[in-house]
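For reference, start_24.txt is printed below; it contains compact mmCIF, C-alpha atoms.
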# COMPACT_ATOMS: atom_id res chain seq x y z
CA MET F 1 -87.30 11.20 -26.60
CA SER F 2 -83.77 11.53 -25.32
CA LYS F 3 -82.28 13.25 -22.32
CA PRO F 4 -80.40 16.51 -22.84
CA VAL F 5 -76.74 16.39 -23.89
CA PHE F 6 -74.54 18.75 -21.85
CA LEU F 7 -71.24 19.75 -23.44
CA ILE F 8 -68.62 20.64 -20.85
CA GLY F 9 -64.98 21.61 -21.15
CA TYR F 10 -62.56 24.48 -20.89
CA MET F 11 -63.22 27.87 -22.47
CA GLY F 12 -62.30 27.84 -26.13
CA SER F 13 -62.72 24.07 -26.45
CA GLY F 14 -65.42 24.44 -29.10
CA LYS F 15 -68.53 23.55 -27.09
CA SER F 16 -70.77 26.11 -28.82
CA THR F 17 -69.48 25.42 -32.34
CA ALA F 18 -69.58 21.64 -31.95
CA GLY F 19 -72.89 21.86 -30.12
CA ARG F 20 -74.67 23.63 -32.97
CA LYS F 21 -73.39 21.10 -35.51
CA LEU F 22 -74.11 18.15 -33.24
CA ALA F 23 -77.66 19.35 -32.58
CA ARG F 24 -78.31 19.56 -36.34
CA MET F 25 -76.88 16.08 -36.86
CA LEU F 26 -79.04 14.60 -34.10
CA GLY F 27 -82.14 16.60 -35.04
CA TYR F 28 -82.06 18.23 -31.59
CA ALA F 29 -82.56 21.79 -30.40
CA PHE F 30 -79.46 23.73 -29.30
CA GLU F 31 -78.99 25.98 -26.28
CA ASP F 32 -75.91 27.86 -25.06
CA THR F 33 -75.98 28.80 -21.37
CA ASP F 34 -73.89 31.95 -21.92
CA GLU F 35 -76.24 33.11 -24.71
CA LEU F 36 -79.27 32.44 -22.50
CA ILE F 37 -77.74 34.44 -19.64
CA ALA F 38 -76.88 37.33 -21.98
CA ALA F 39 -80.43 37.35 -23.42
CA MET F 40 -81.95 37.15 -19.93
CA THR F 41 -79.90 40.03 -18.52
CA GLY F 42 -79.40 42.18 -21.62
CA LYS F 43 -75.66 42.19 -20.82
CA THR F 44 -72.65 40.41 -22.29
CA ILE F 45 -70.88 37.84 -20.12
CA GLU F 46 -67.94 40.26 -19.90
CA GLU F 47 -70.25 43.06 -18.67
CA LEU F 48 -71.75 40.73 -16.07
CA PHE F 49 -68.31 39.75 -14.78
CA ASP F 50 -67.16 43.40 -14.75
CA ASN F 51 -70.29 44.94 -13.23
CA GLU F 52 -71.86 42.20 -11.11
CA GLY F 53 -68.88 39.95 -10.39
CA GLU F 54 -68.20 36.27 -10.97
CA ASP F 55 -70.37 35.13 -8.04
CA ALA F 56 -73.47 36.82 -9.49
CA PHE F 57 -72.71 35.30 -12.89
CA ARG F 58 -72.29 31.81 -11.40
CA THR F 59 -75.65 32.13 -9.60
CA LEU F 60 -77.37 33.04 -12.89
CA GLU F 61 -75.55 30.22 -14.66
CA HIS F 62 -76.74 27.74 -12.01
CA SER F 63 -80.37 28.78 -12.39
CA VAL F 64 -80.13 28.47 -16.19
CA ILE F 65 -78.60 24.98 -15.94
CA ARG F 66 -81.29 23.94 -13.46
CA SER F 67 -83.96 25.19 -15.87
CA LEU F 68 -82.50 23.10 -18.72
CA THR F 69 -82.29 19.76 -16.91
CA GLY F 70 -85.83 18.76 -17.91
CA ARG F 71 -85.25 19.35 -21.62
CA VAL F 72 -85.35 16.51 -24.09
CA ASN F 73 -83.68 16.26 -27.49
CA THR F 74 -81.48 19.28 -26.75
CA VAL F 75 -77.72 19.81 -26.96
CA ILE F 76 -76.58 22.34 -24.34
CA ALA F 77 -73.21 24.11 -24.47
CA THR F 78 -72.20 25.19 -20.97
CA GLY F 79 -69.67 27.77 -19.84
CA GLY F 80 -66.18 26.47 -19.05
CA GLY F 81 -66.63 26.86 -15.30
CA ALA F 82 -70.21 25.62 -15.10
CA PRO F 83 -69.44 22.07 -13.87
CA CYS F 84 -67.18 23.45 -11.12
CA TYR F 85 -69.78 25.47 -9.20
CA PHE F 86 -72.76 24.63 -6.99
CA ASP F 87 -74.13 21.19 -7.81
CA ASN F 88 -74.16 21.89 -11.56
CA LEU F 89 -72.15 18.82 -12.49
CA SER F 90 -74.31 16.42 -10.48
CA LEU F 91 -77.45 18.03 -11.96
CA MET F 92 -76.08 17.48 -15.47
CA LEU F 93 -74.92 13.93 -14.73
CA ARG F 94 -78.31 12.97 -13.26
CA SER F 95 -80.52 14.59 -15.86
CA GLY F 96 -78.66 14.01 -19.12
CA ILE F 97 -75.57 12.82 -20.91
CA THR F 98 -72.46 14.88 -20.25
CA VAL F 99 -69.71 15.11 -22.85
CA TYR F 100 -66.31 16.54 -21.96
CA ILE F 101 -64.67 18.07 -25.02
CA LYS F 102 -61.06 17.60 -24.00
CA LEU F 103 -58.14 19.59 -25.39
CA ASN F 104 -54.57 19.98 -24.23
CA PRO F 105 -53.43 23.38 -22.87
CA VAL F 106 -51.40 24.26 -25.99
CA SER F 107 -54.46 23.76 -28.22
CA ILE F 108 -56.61 25.80 -25.85
CA VAL F 109 -54.15 28.71 -25.77
CA LYS F 110 -53.92 28.67 -29.57
CA ARG F 111 -57.72 28.84 -29.85
CA LEU F 112 -58.07 31.53 -27.17
CA SER F 113 -55.38 33.63 -28.86
CA GLN F 114 -57.26 33.44 -32.18
CA SER F 115 -60.72 33.91 -30.66
CA LYS F 116 -62.70 37.10 -31.18
CA THR F 117 -64.70 36.39 -28.00
CA ASN F 118 -63.77 38.36 -24.89
CA ARG F 119 -63.00 35.98 -22.04
CA PRO F 120 -63.35 37.69 -18.65
CA LEU F 121 -61.14 35.20 -16.79
CA ILE F 122 -58.10 35.77 -19.03
CA LYS F 123 -58.61 39.44 -19.82
CA LYS F 124 -55.78 40.52 -17.51
CA THR F 125 -53.45 37.62 -18.35
CA GLY F 126 -50.63 38.55 -20.71
CA GLN F 127 -49.97 36.40 -23.77
CA ASP F 128 -46.67 35.19 -22.25
CA GLN F 129 -48.49 34.02 -19.10
CA LEU F 130 -51.46 32.41 -20.84
CA LEU F 131 -50.06 28.87 -21.23
CA PRO F 132 -48.95 28.46 -17.60
CA TRP F 133 -52.22 30.00 -16.38
CA VAL F 134 -54.41 27.78 -18.60
CA THR F 135 -52.36 24.68 -17.70
CA GLN F 136 -52.83 25.24 -13.97
CA HIS F 137 -56.50 26.25 -14.28
CA LEU F 138 -57.26 23.27 -16.52
CA GLU F 139 -55.67 20.89 -14.00
CA GLN F 140 -58.03 22.20 -11.30
CA ARG F 141 -61.11 21.98 -13.52
CA ALA F 142 -60.21 18.58 -15.00
CA LEU F 143 -61.21 17.03 -11.66
CA PHE F 144 -64.78 17.98 -12.60
CA TYR F 145 -64.59 17.53 -16.36
CA GLU F 146 -63.24 13.98 -16.13
CA LYS F 147 -66.47 12.82 -14.43
CA ALA F 148 -68.40 13.25 -17.70
CA HIS F 149 -70.19 10.25 -19.18
CA ILE F 150 -68.26 10.63 -22.45
CA ILE F 151 -64.77 12.10 -22.84
CA PHE F 152 -64.19 13.24 -26.41
CA LYS F 153 -60.91 14.45 -27.92
CA GLY F 154 -61.44 17.98 -29.21
CA GLU F 155 -58.31 18.64 -31.28
CA SER F 156 -59.76 17.24 -34.48
CA PRO F 157 -63.28 16.21 -33.55
CA ASP F 158 -65.24 13.72 -35.62
CA LEU F 159 -68.78 14.80 -34.80
CA ASN F 160 -70.24 11.78 -36.59
CA GLU F 161 -68.33 9.61 -34.13
CA LEU F 162 -69.57 11.72 -31.20
CA ALA F 163 -73.18 11.60 -32.43
CA GLY F 164 -72.89 7.81 -32.58
CA MET F 165 -71.45 7.68 -29.06
CA ILE F 166 -74.35 9.78 -27.77
CA LYS F 167 -76.99 7.69 -29.57
CA SER F 168 -75.56 4.45 -28.26
CA TYR F 169 -74.84 5.71 -24.71
CA ARG F 170 -76.57 3.64 -22.05
CA PRO F 171 -76.03 4.57 -18.40
Would you mind giving the structure from this file in structure tokens?
Amino acid sequence: MSKPVFLIGYMGSGKSTAGRKLARMLGYAFEDTDELIAAMTGKTIEELFDNEGEDAFRTLEHSVIRSLTGRVNTVIATGGGAPCYFDNLSLMLRSGITVYIKLNPVSIVKRLSQSKTNRPLIKKTGQDQLLPWVTQHLEQRALFYEKAHIIFKGESPDLNELAGMIKSYRP
């Protein structure tokens, strides 16, 4: 049995999409922290941010991450901010393998602009301000993301390569 694999990275980096495919390739279960929170509360992430606030969301997110640390043979897609709050990153680093799906700001903005998912943090950011906002925000969060066990380029991901990296990873 293998420790859980936590996918971290900026919003729109493809953690959920890659995570589902990666889980199938590895024969693992798949969990998405945002989906678990939505199922638990009966609200969308956007509704939680709007009605309860980001702090309440982050508290829920922390409890979900804590509950997943004992899982085995599971790929877990986390929210973009998850590693940056509480002791989430150290929990993930201690209990599993963390993979940072890394994209440059231009790629992220392109994906976010094409995404059908509502992103509470950028809802009030105009299209013309998105690149500078993402660039600055990503710089702040990269301090956390870069501590991952595996850093994986997300622009044109080879999931077979990533699956191999995970299988052969030894702390």
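Between Met92 in chain F and the candidates F:Thr41, F:Gly14, F:Thr135, F:Thr69, the tightest atom-to-atom separation, counting all atoms listed in the file, involves F:Thr69.
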Selected residue, from F:Ile97, F:Leu36, F:Ile166, F:Leu131, that lies nearest to Ala148 in chain F when counting all atoms listed in the file: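 Closest residue, counting all atoms listed in the file: F:Ile97.
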Which of these residues is nearest to Asp34 in chain F, using all atoms listed in the file: F:Val5, F:Ala56, F:Val99, F:Ile65?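 Among F:Val5, F:Ala56, F:Val99, F:Ile65, it is F:Ile65 that comes nearest to Asp34 in chain F.
Of the listed residues (F:Gln129, F:Asn118, F:Leu22, F:Ser2), F:Asn118 comes nearest to Thr44 in chain F; the distances count all atoms listed in the file.
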Quick one: residues within 12 Å of Asp158 in chain F, only C-alpha atoms counted, chain neighbours fewer than 5 positions away excluded, as JSON, numbers by chain? {"F": [18, 21, 22, 25, 101, 152, 153, 163, 164, 165]}
For the residues selected in the previous step, produce a file with C-alpha atoms as a compact mmCIF listing (two decimals), in the frame of the given file.
# COMPACT_ATOMS: atom_id res chain seq x y z
CA ALA F 18 -69.58 21.64 -31.95
CA LYS F 21 -73.39 21.10 -35.51
CA LEU F 22 -74.11 18.15 -33.24
CA MET F 25 -76.88 16.08 -36.86
CA ILE F 101 -64.67 18.07 -25.02
CA PHE F 152 -64.19 13.24 -26.41
CA LYS F 153 -60.91 14.45 -27.92
CA ALA F 163 -73.18 11.60 -32.43
CA GLY F 164 -72.89 7.81 -32.58
CA MET F 165 -71.45 7.68 -29.06
How many Å separate CA of Pro4 in chain F from CA of Tyr28 in chain F? 9.1 Å
Which residues come within 12 Å of range 8-10 of chain F, counting all atoms listed in the file, excluding same-chain residues fewer than 4 positions away, as a PyMOL selection string? chain F and resi 14-16+18-19+32-33+65+75-84+88-89+92-93+97-105+107-109+111-112+119+121+134-154
For a test of reading the model, state the distance in Å between CA of Ser13 in chain F and CA of Phe86 in chain F, rounded to one decimal. 21.9 Å
